[in-house]
>>> print(open('final00.cif').read())   # mmCIF, C-alpha atoms
data_run
#
loop_
_atom_site.group_PDB
_atom_site.id
_atom_site.type_symbol
_atom_site.label_atom_id
_atom_site.label_comp_id
_atom_site.auth_asym_id
_atom_site.auth_seq_id
_atom_site.Cartn_x
_atom_site.Cartn_y
_atom_site.Cartn_z
ATOM 1 C CA MET P 120 88.547 123.340 119.990
ATOM 2 C CA PHE P 121 90.559 122.623 116.854
ATOM 3 C CA PHE P 122 93.337 120.980 118.850
ATOM 4 C CA VAL P 123 90.815 118.922 120.816
ATOM 5 C CA PHE P 124 89.404 117.497 117.573
ATOM 6 C CA LEU P 125 92.950 116.922 116.320
ATOM 7 C CA ALA P 126 93.852 114.973 119.448
ATOM 8 C CA ILE P 127 90.655 112.880 119.231
ATOM 9 C CA LYS P 128 91.331 111.982 115.605
ATOM 10 C CA ALA P 129 94.947 111.043 116.287
ATOM 11 C CA PHE P 130 94.121 109.038 119.415
ATOM 12 C CA PHE P 131 91.391 106.912 117.863
ATOM 13 C CA ALA P 132 93.207 106.358 114.569
ATOM 14 C CA GLY P 133 96.348 105.206 116.357
ATOM 15 C CA GLY P 134 94.366 102.981 118.713
ATOM 16 C CA ILE P 135 92.478 101.294 115.876
ATOM 17 C CA VAL P 136 95.604 100.409 113.923
ATOM 18 C CA LEU P 137 97.354 99.131 117.042
ATOM 19 C CA ALA P 138 94.366 96.907 117.783
ATOM 20 C CA MET P 139 94.195 95.563 114.223
ATOM 21 C CA SER P 140 97.918 94.826 113.998
ATOM 22 C CA LEU P 141 97.891 93.071 117.383
ATOM 23 C CA LEU P 142 94.843 91.046 116.353
ATOM 24 C CA ALA P 143 96.643 89.924 113.192
ATOM 25 C CA GLU P 144 99.726 88.956 115.190
ATOM 26 C CA ARG P 145 98.082 87.266 118.161
ATOM 27 C CA LEU P 146 94.995 85.687 116.595
ATOM 28 C CA SER P 147 94.738 85.462 112.815
ATOM 29 C CA PRO P 148 95.402 87.810 109.874
ATOM 30 C CA ARG P 149 92.151 86.725 108.211
ATOM 31 C CA VAL P 150 90.101 87.466 111.331
ATOM 32 C CA ALA P 151 91.861 90.827 111.553
ATOM 33 C CA GLY P 152 90.892 91.423 107.923
ATOM 34 C CA ILE P 153 87.233 90.782 108.650
ATOM 35 C CA VAL P 154 87.276 93.005 111.740
ATOM 36 C CA SER P 155 89.174 95.742 109.883
ATOM 37 C CA GLY P 156 86.128 95.916 107.635
ATOM 38 C CA ALA P 157 84.288 97.415 110.607
ATOM 39 C CA PRO P 158 83.526 101.145 110.129
ATOM 40 C CA LEU P 159 86.439 102.268 112.275
ATOM 41 C CA GLY P 160 88.092 104.909 110.122
ATOM 42 C CA GLY P 161 84.741 105.909 108.614
ATOM 43 C CA LEU P 162 83.218 106.315 112.065
ATOM 44 C CA ILE P 163 85.939 108.724 113.166
ATOM 45 C CA SER P 164 85.906 110.618 109.876
ATOM 46 C CA TYR P 165 82.156 111.057 109.559
ATOM 47 C CA TYR P 166 81.713 111.898 113.222
ATOM 48 C CA ILE P 167 84.247 114.695 112.895
ATOM 49 C CA LEU P 168 82.861 115.846 109.529
ATOM 50 C CA GLY P 169 79.355 115.871 111.007
ATOM 51 C CA LEU P 170 80.476 118.127 113.840
ATOM 52 C CA GLU P 171 82.679 120.373 111.713
ATOM 53 C CA GLU P 172 80.778 120.564 108.394
ATOM 54 C CA GLY P 173 77.215 119.717 109.434
ATOM 55 C CA ILE P 174 74.713 116.940 108.747
ATOM 56 C CA PRO P 175 73.690 118.165 105.226
ATOM 57 C CA PHE P 176 77.344 117.939 104.117
ATOM 58 C CA VAL P 177 77.572 114.352 105.399
ATOM 59 C CA VAL P 178 74.264 113.295 103.814
ATOM 60 C CA ALA P 179 75.269 114.794 100.450
ATOM 61 C CA SER P 180 78.520 112.799 100.483
ATOM 62 C CA ILE P 181 76.987 109.388 101.279
ATOM 63 C CA PRO P 182 76.293 108.056 97.739
ATOM 64 C CA HIS P 183 79.890 108.773 96.741
ATOM 65 C CA ALA P 184 81.143 107.272 100.003
ATOM 66 C CA VAL P 185 79.309 104.014 99.300
ATOM 67 C CA ALA P 186 80.478 103.996 95.682
ATOM 68 C CA GLY P 187 83.976 104.741 96.954
ATOM 69 C CA MET P 188 84.057 101.309 98.588
ATOM 70 C CA SER P 189 84.697 99.929 95.100
ATOM 71 C CA GLY P 190 87.931 101.930 95.085
ATOM 72 C CA VAL P 191 89.023 100.111 98.244
ATOM 73 C CA MET P 192 88.284 96.786 96.563
ATOM 74 C CA VAL P 193 90.467 97.784 93.617
ATOM 75 C CA PHE P 194 93.153 98.842 96.098
ATOM 76 C CA ILE P 195 93.294 95.485 97.915
ATOM 77 C CA ALA P 196 93.054 93.437 94.699
ATOM 78 C CA VAL P 197 95.983 95.308 93.117
ATOM 79 C CA TYR P 198 98.053 95.104 96.328
ATOM 80 C CA HIS P 199 97.412 91.352 96.453
ATOM 81 C CA GLU P 200 98.408 90.750 92.834
ATOM 82 C CA VAL P 201 101.598 92.833 93.024
ATOM 83 C CA ALA P 202 102.559 91.317 96.394
ATOM 84 C CA ARG P 203 102.269 87.830 94.903
ATOM 85 C CA LEU P 204 105.052 88.696 92.457
ATOM 86 C CA GLY P 205 107.486 89.291 95.329
ATOM 87 C CA GLY P 206 110.970 90.512 94.481
ATOM 88 C CA ARG P 207 112.956 93.470 95.754
ATOM 89 C CA PHE P 208 111.048 96.471 97.107
ATOM 90 C CA GLN P 209 107.847 94.401 97.110
ATOM 91 C CA VAL P 210 106.187 96.566 99.776
ATOM 92 C CA LEU P 211 106.973 99.783 97.912
ATOM 93 C CA LYS P 212 105.765 98.393 94.568
ATOM 94 C CA SER P 213 102.573 96.964 96.060
ATOM 95 C CA CYS P 214 101.768 100.162 97.911
ATOM 96 C CA THR P 215 102.485 102.438 94.939
ATOM 97 C CA ALA P 216 100.520 100.374 92.434
ATOM 98 C CA SER P 217 97.489 99.938 94.690
ATOM 99 C CA LEU P 218 97.329 103.608 95.668
ATOM 100 C CA ALA P 219 97.666 104.672 92.025
ATOM 101 C CA ALA P 220 94.824 102.311 91.066
ATOM 102 C CA GLN P 221 92.568 103.635 93.804
ATOM 103 C CA LEU P 222 93.353 107.245 92.931
ATOM 104 C CA ALA P 223 92.389 106.574 89.304
ATOM 105 C CA VAL P 224 89.111 104.908 90.340
ATOM 106 C CA SER P 225 88.340 107.647 92.875
ATOM 107 C CA THR P 226 88.894 110.374 90.278
ATOM 108 C CA VAL P 227 86.394 108.726 87.945
ATOM 109 C CA LEU P 228 83.855 108.102 90.725
ATOM 110 C CA SER P 229 84.012 111.718 91.928
ATOM 111 C CA ARG P 230 82.773 112.878 88.517
ATOM 112 C CA ILE P 231 79.791 110.503 88.342
ATOM 113 C CA HIS P 232 76.417 111.318 89.855
ATOM 114 C CA PHE P 233 75.288 108.464 92.122
ATOM 115 C CA ASP P 234 72.082 107.756 93.941
ATOM 116 C CA LEU P 235 72.310 105.493 96.995
ATOM 117 C CA LEU P 236 70.863 102.422 95.264
ATOM 118 C CA GLY P 237 73.293 102.597 92.339
ATOM 119 C CA ALA P 238 76.199 103.170 94.711
ATOM 120 C CA LEU P 239 75.186 100.128 96.789
ATOM 121 C CA ALA P 240 75.011 97.929 93.682
ATOM 122 C CA LEU P 241 78.516 99.020 92.623
ATOM 123 C CA ALA P 242 79.971 98.501 96.111
ATOM 124 C CA VAL P 243 78.485 95.008 96.563
ATOM 125 C CA ALA P 244 79.546 93.893 93.077
ATOM 126 C CA SER P 245 83.123 95.104 93.623
ATOM 127 C CA ALA P 246 83.305 93.351 97.005
ATOM 128 C CA LEU P 247 82.213 90.070 95.412
ATOM 129 C CA LEU P 248 84.810 90.429 92.628
ATOM 130 C CA ALA P 249 87.573 91.266 95.117
ATOM 131 C CA GLY P 250 86.591 88.247 97.205
ATOM 132 C CA LEU P 251 86.963 86.032 94.128
ATOM 133 C CA ALA P 252 90.373 87.559 93.329
ATOM 134 C CA LEU P 253 91.601 86.848 96.876
ATOM 135 C CA ARG P 254 90.020 83.436 97.371
ATOM 136 C CA ARG P 255 93.304 81.535 96.867
ATOM 137 C CA ALA P 256 95.292 83.533 99.414
ATOM 138 C CA LEU P 257 96.729 81.268 102.116
ATOM 139 C CA ASP P 258 95.304 81.454 105.639
ATOM 140 C CA VAL P 259 98.724 81.833 107.256
ATOM 141 C CA LYS P 260 99.206 82.808 110.876
ATOM 142 C CA VAL P 261 102.011 84.593 112.719
ATOM 143 C CA ALA P 262 104.139 81.886 114.341
ATOM 144 C CA THR P 263 106.297 84.170 116.492
ATOM 145 C CA PRO P 264 104.973 87.716 117.061
ATOM 146 C CA VAL P 265 107.564 90.455 117.427
ATOM 147 C CA ARG P 266 108.300 91.844 120.874
ATOM 148 C CA LEU P 267 106.409 95.079 121.311
ATOM 149 C CA THR P 268 108.346 98.085 122.561
ATOM 150 C CA LEU P 269 107.206 101.610 123.313
ATOM 151 C CA GLY P 270 109.004 102.871 120.221
ATOM 152 C CA LEU P 271 107.323 100.308 117.971
ATOM 153 C CA LEU P 272 103.873 101.058 119.395
ATOM 154 C CA THR P 273 104.440 104.798 118.965
ATOM 155 C CA LEU P 274 105.560 104.330 115.341
ATOM 156 C CA ARG P 275 102.479 102.258 114.491
ATOM 157 C CA ALA P 276 100.059 104.675 116.148
ATOM 158 C CA GLY P 277 101.762 107.737 114.637
ATOM 159 C CA LEU P 278 101.592 106.335 111.096
ATOM 160 C CA ALA P 279 97.852 105.723 111.391
ATOM 161 C CA ALA P 280 97.143 109.082 113.020
ATOM 162 C CA ALA P 281 99.001 110.981 110.288
ATOM 163 C CA MET P 282 97.073 109.163 107.561
ATOM 164 C CA VAL P 283 93.629 109.763 109.071
ATOM 165 C CA LEU P 284 94.340 113.434 109.779
ATOM 166 C CA SER P 285 95.510 113.977 106.202
ATOM 167 C CA VAL P 286 92.487 112.295 104.585
ATOM 168 C CA VAL P 287 89.892 114.036 106.772
ATOM 169 C CA GLY P 288 91.570 117.402 106.274
ATOM 170 C CA ILE P 289 91.586 117.034 102.486
ATOM 171 C CA ALA P 290 87.973 115.789 102.466
ATOM 172 C CA SER P 291 86.797 118.889 104.349
ATOM 173 C CA VAL P 292 88.252 121.167 101.673
ATOM 174 C CA LEU P 293 87.239 119.392 98.447
ATOM 175 C CA GLY P 294 83.457 119.220 98.949
ATOM 176 C CA PRO P 295 80.870 116.454 99.443
ATOM 177 C CA ALA P 296 81.595 114.347 96.323
ATOM 178 C CA TRP P 297 85.338 114.058 96.964
ATOM 179 C CA ALA P 298 84.709 113.821 100.710
ATOM 180 C CA GLY P 299 82.541 110.767 100.074
ATOM 181 C CA VAL P 300 85.051 109.147 97.743
ATOM 182 C CA LEU P 301 87.936 109.809 100.149
ATOM 183 C CA MET P 302 86.040 108.150 102.998
ATOM 184 C CA GLY P 303 86.751 104.938 101.112
ATOM 185 C CA PHE P 304 90.484 105.500 101.435
ATOM 186 C CA PRO P 305 91.958 102.654 103.539
ATOM 187 C CA MET P 306 93.191 105.059 106.204
ATOM 188 C CA THR P 307 93.363 102.422 108.951
ATOM 189 C CA LEU P 308 93.724 99.333 106.742
ATOM 190 C CA LEU P 309 96.798 100.601 104.861
ATOM 191 C CA PRO P 310 98.952 101.222 107.978
ATOM 192 C CA THR P 311 97.931 97.796 109.297
ATOM 193 C CA MET P 312 98.904 96.196 105.980
ATOM 194 C CA LEU P 313 102.266 97.947 105.936
ATOM 195 C CA ILE P 314 102.995 96.910 109.518
ATOM 196 C CA VAL P 315 102.161 93.257 108.825
ATOM 197 C CA ASN P 316 103.985 93.207 105.467
ATOM 198 C CA VAL P 317 107.201 94.788 106.747
ATOM 199 C CA THR P 318 107.221 92.827 110.016
ATOM 200 C CA TYR P 319 106.231 89.436 108.591
ATOM 201 C CA SER P 320 105.540 88.763 104.888
ATOM 202 C CA ALA P 321 103.331 89.400 101.861
ATOM 203 C CA ASP P 322 101.545 86.090 102.542
ATOM 204 C CA HIS P 323 100.434 87.418 105.930
ATOM 205 C CA VAL P 324 99.080 90.573 104.287
ATOM 206 C CA ASN P 325 97.212 88.562 101.683
ATOM 207 C CA ALA P 326 95.647 86.485 104.464
ATOM 208 C CA LEU P 327 94.568 89.770 106.065
ATOM 209 C CA LEU P 328 93.105 91.040 102.790
ATOM 210 C CA LYS P 329 91.263 87.776 102.154
ATOM 211 C CA GLY P 330 88.851 88.570 104.969
ATOM 212 C CA PHE P 331 88.374 92.228 104.071
ATOM 213 C CA PRO P 332 85.714 91.904 101.312
ATOM 214 C CA ILE P 333 83.531 90.112 103.860
ATOM 215 C CA GLY P 334 84.070 92.737 106.541
ATOM 216 C CA ILE P 335 83.544 95.705 104.186
ATOM 217 C CA GLY P 336 79.818 94.996 104.322
ATOM 218 C CA SER P 337 79.908 96.464 107.813
ATOM 219 C CA VAL P 338 81.253 99.765 106.475
ATOM 220 C CA ILE P 339 78.620 99.781 103.740
ATOM 221 C CA CYS P 340 75.860 99.205 106.319
ATOM 222 C CA TYR P 341 77.247 101.980 108.512
ATOM 223 C CA VAL P 342 77.637 104.584 105.787
ATOM 224 C CA ALA P 343 74.368 103.741 104.021
ATOM 225 C CA SER P 344 72.437 104.194 107.295
ATOM 226 C CA LEU P 345 73.843 107.672 108.021
ATOM 227 C CA PRO P 346 71.363 109.600 105.788
ATOM 228 C CA TRP P 347 68.638 108.245 108.072
ATOM 229 C CA SER P 348 70.366 108.174 111.471
ATOM 230 C CA TYR P 349 72.062 111.607 111.424
ATOM 231 C CA PRO P 350 68.946 113.654 110.508
ATOM 232 C CA ALA P 351 66.772 111.567 112.853
ATOM 233 C CA PHE P 352 69.043 111.439 115.929
ATOM 234 C CA GLY P 353 71.823 113.991 115.409
ATOM 235 C CA VAL P 354 75.545 113.346 115.060
ATOM 236 C CA HIS P 355 76.159 111.819 118.502
ATOM 237 C CA MET P 356 73.226 109.399 118.768
ATOM 238 C CA GLY P 357 73.130 108.875 114.989
ATOM 239 C CA THR P 358 76.705 107.612 115.101
ATOM 240 C CA LEU P 359 75.751 105.120 117.802
ATOM 241 C CA VAL P 360 72.650 103.914 115.926
ATOM 242 C CA SER P 361 74.571 103.400 112.671
ATOM 243 C CA LEU P 362 77.363 101.674 114.571
ATOM 244 C CA LEU P 363 74.834 99.216 115.997
ATOM 245 C CA VAL P 364 73.617 98.489 112.459
ATOM 246 C CA ALA P 365 77.197 97.865 111.307
ATOM 247 C CA TRP P 366 78.102 95.662 114.256
ATOM 248 C CA GLY P 367 74.872 93.697 113.754
ATOM 249 C CA TYR P 368 76.155 92.799 110.295
ATOM 250 C CA LEU P 369 79.555 91.788 111.688
ATOM 251 C CA VAL P 370 77.978 89.617 114.378
ATOM 252 C CA VAL P 371 75.912 87.728 111.792
ATOM 253 C CA VAL P 372 78.914 87.295 109.470
ATOM 254 C CA SER P 373 81.150 86.126 112.335
ATOM 255 C CA LEU P 374 78.587 83.545 113.451
ATOM 256 C CA VAL P 375 78.299 82.202 109.903
ATOM 257 C CA PHE P 376 82.090 82.197 109.452
ATOM 258 C CA PHE P 377 82.799 80.250 112.640
ATOM 259 C CA ALA P 378 79.886 77.862 111.998
ATOM 260 C CA LEU P 379 81.344 76.997 108.583
ATOM 261 C CA ARG P 380 84.816 76.486 110.059
ATOM 262 C CA HIS P 381 83.418 74.256 112.787
ATOM 263 C CA ARG P 382 81.508 72.188 110.213
ATOM 264 C CA ARG P 383 84.757 71.509 108.362
#
>>> encode(input="final00.cif", output="structure tokens")
Amino acid sequence: MFFVFLAIKAFFAGGIVLAMSLLAERLSPRVAGIVSGAPLGGLISYYILGLEEGIPFVVASIPHAVAGMSGVMVFIAVYHEVARLGGRFQVLKSCTASLAAQLAVSTVLSRIHFDLLGALALAVASALLAGLALRRALDVKVATPVRLTLGLLTLRAGLAAAMVLSVVGIASVLGPAWAGVLMGFPMTLLPTMLIVNVTYSADHVNALLKGFPIGIGSVICYVASLPWSYPAFGVHMGTLVSLLVAWGYLVVVSLVFFALRHRR
């Protein structure tokens, strides 16, 4: 059974990152950023945690998971600011600085007692601030996408799978508070960012990140609904119900986004 769960985690994580990177290349980095705010990594992680650790464990972790979204906002804001500086080893510097900033925030958050309302207020406020920090990022598009080979696809999927497996494994060991905070780790966003940054440029990554504070509302809706959906419907149906709540948010945001673009 352990290896079945392992295969499921790896398969879905790899598939999500492949989809996001292809969306950024073939459509628009900003649209990919909005869609990457969907509860993709969180869905996989909490579904597995629900089956392995039980519903009470998941419910106990939710306030910290929602508060942990502020750590993701710090992560993308720091990556954006360091990437703007450019220079040699830009990807390495951006990645190191942003991960260090999120680790510092996550450590603090794990030691604070949150109720769901306070966690929601912190998450929404941080998303608004991150959106303001990224508002001047250029809406660049990929002019000539790279040719996809089997080796390249395997590398992208493998990077994402390794990251998700590591985060979920650590979360299971450290208890509900850290499990919640770690659910905010950009386990599918980070590989997508690295792929786009290395393959194209920092401007393309910043365009991707510009849409993320809008899309993160979907994750917040998903996670915040789990304390109701999991006890009421169980892990399987509860996941589906919360996913419908999250996608409802994304549908509304997408309609507003495209209506505003059309008006311009």
>>> resolve_selection(input="final00.cif", expression="the PyMOL selection byres ((chain P and resi 187) around 12)", output="number ranges by chain")
P: 161, 180-186, 188-194, 221-231, 233, 235, 237-243, 245-246, 296-305, 335, 338-339, 342-343
>>> atom_distance(input="final00.cif", atom1="CA of Ala202 in chain P", atom2="CA of His323 in chain P")
10.5 Å
>>> atom_distance(input="final00.cif", atom1="CA of Ser337 in chain P", atom2="CA of Asp234 in chain P")
19.5 Å
>>> resolve_selection(input="final00.cif", expression="the PyMOL selection byres ((chain P and resi 367-371) around 8)", output="VMD selection string")
chain P and resid 154 157 334 336 to 337 340 363 to 366 372 to 375
>>> atom_distance(input="final00.cif", atom1="CA of Ser348 in chain P", atom2="CA of Val360 in chain P")
6.6 Å
>>> residues_around(input="final00.cif", residues="Leu328 in chain P", least_positions_apart="2", cutoff="8 Å", atoms="only C-alpha atoms", output="PyMOL selection string")
chain P and resi 149+152+195+199+253+324-326+330-332
>>> write_last_selection(input="final00.cif", atoms="C-alpha atoms", output="compact mmCIF listing (two decimals), in the frame of the given file")
# COMPACT_ATOMS: atom_id res chain seq x y z
CA ARG P 149 92.15 86.72 108.21
CA GLY P 152 90.89 91.42 107.92
CA ILE P 195 93.29 95.48 97.92
CA HIS P 199 97.41 91.35 96.45
CA LEU P 253 91.60 86.85 96.88
CA VAL P 324 99.08 90.57 104.29
CA ASN P 325 97.21 88.56 101.68
CA ALA P 326 95.65 86.48 104.46
CA GLY P 330 88.85 88.57 104.97
CA PHE P 331 88.37 92.23 104.07
CA PRO P 332 85.71 91.90 101.31
>>> closest_residue(input="final00.cif", among="P:Ile314, P:Ala196, P:Leu170, P:Leu359", to="Ala220 in chain P", atoms="all atoms listed in the file")
P:Ala196
>>> residues_near_point(input="final00.cif", point="(82.0, 106.3, 117.7)", cutoff="7 Å", atoms="all atoms listed in the file", output="PyMOL selection string")
chain P and resi 162-163+358-359
>>> closest_residue(input="final00.cif", among="P:Ser217, P:Gln209, P:Ile174, P:Ser164", to="Val354 in chain P", atoms="all atoms listed in the file")
P:Ile174
>>> axis_aligned_box(input="final00.cif", around="range 194-200 of chain P", padding_each_side="4 Å", output="lines of an AutoDock Vina configuration file")
center_x = 95.7
center_y = 94.8
center_z = 95.4
size_x = 13.4
size_y = 16.1
size_z = 13.1
>>> closest_residue(input="final00.cif", among="P:Val178, P:Leu236, P:Gly169, P:Asn316", to="Tyr198 in chain P", atoms="all atoms listed in the file")
P:Asn316
>>> resolve_selection(input="final00.cif", expression="the PyMOL selection byres ((chain P and resi 313) around 10)", output="list in words")
Ser140, Val210, Leu211, Ser213, Cys214, Arg275, Leu278, Leu308, Leu309, Pro310, Thr311, Met312, Ile314, Val315, Asn316, Val317, Thr318, Tyr319, Ser320, Ala321 and Val324 of chain P
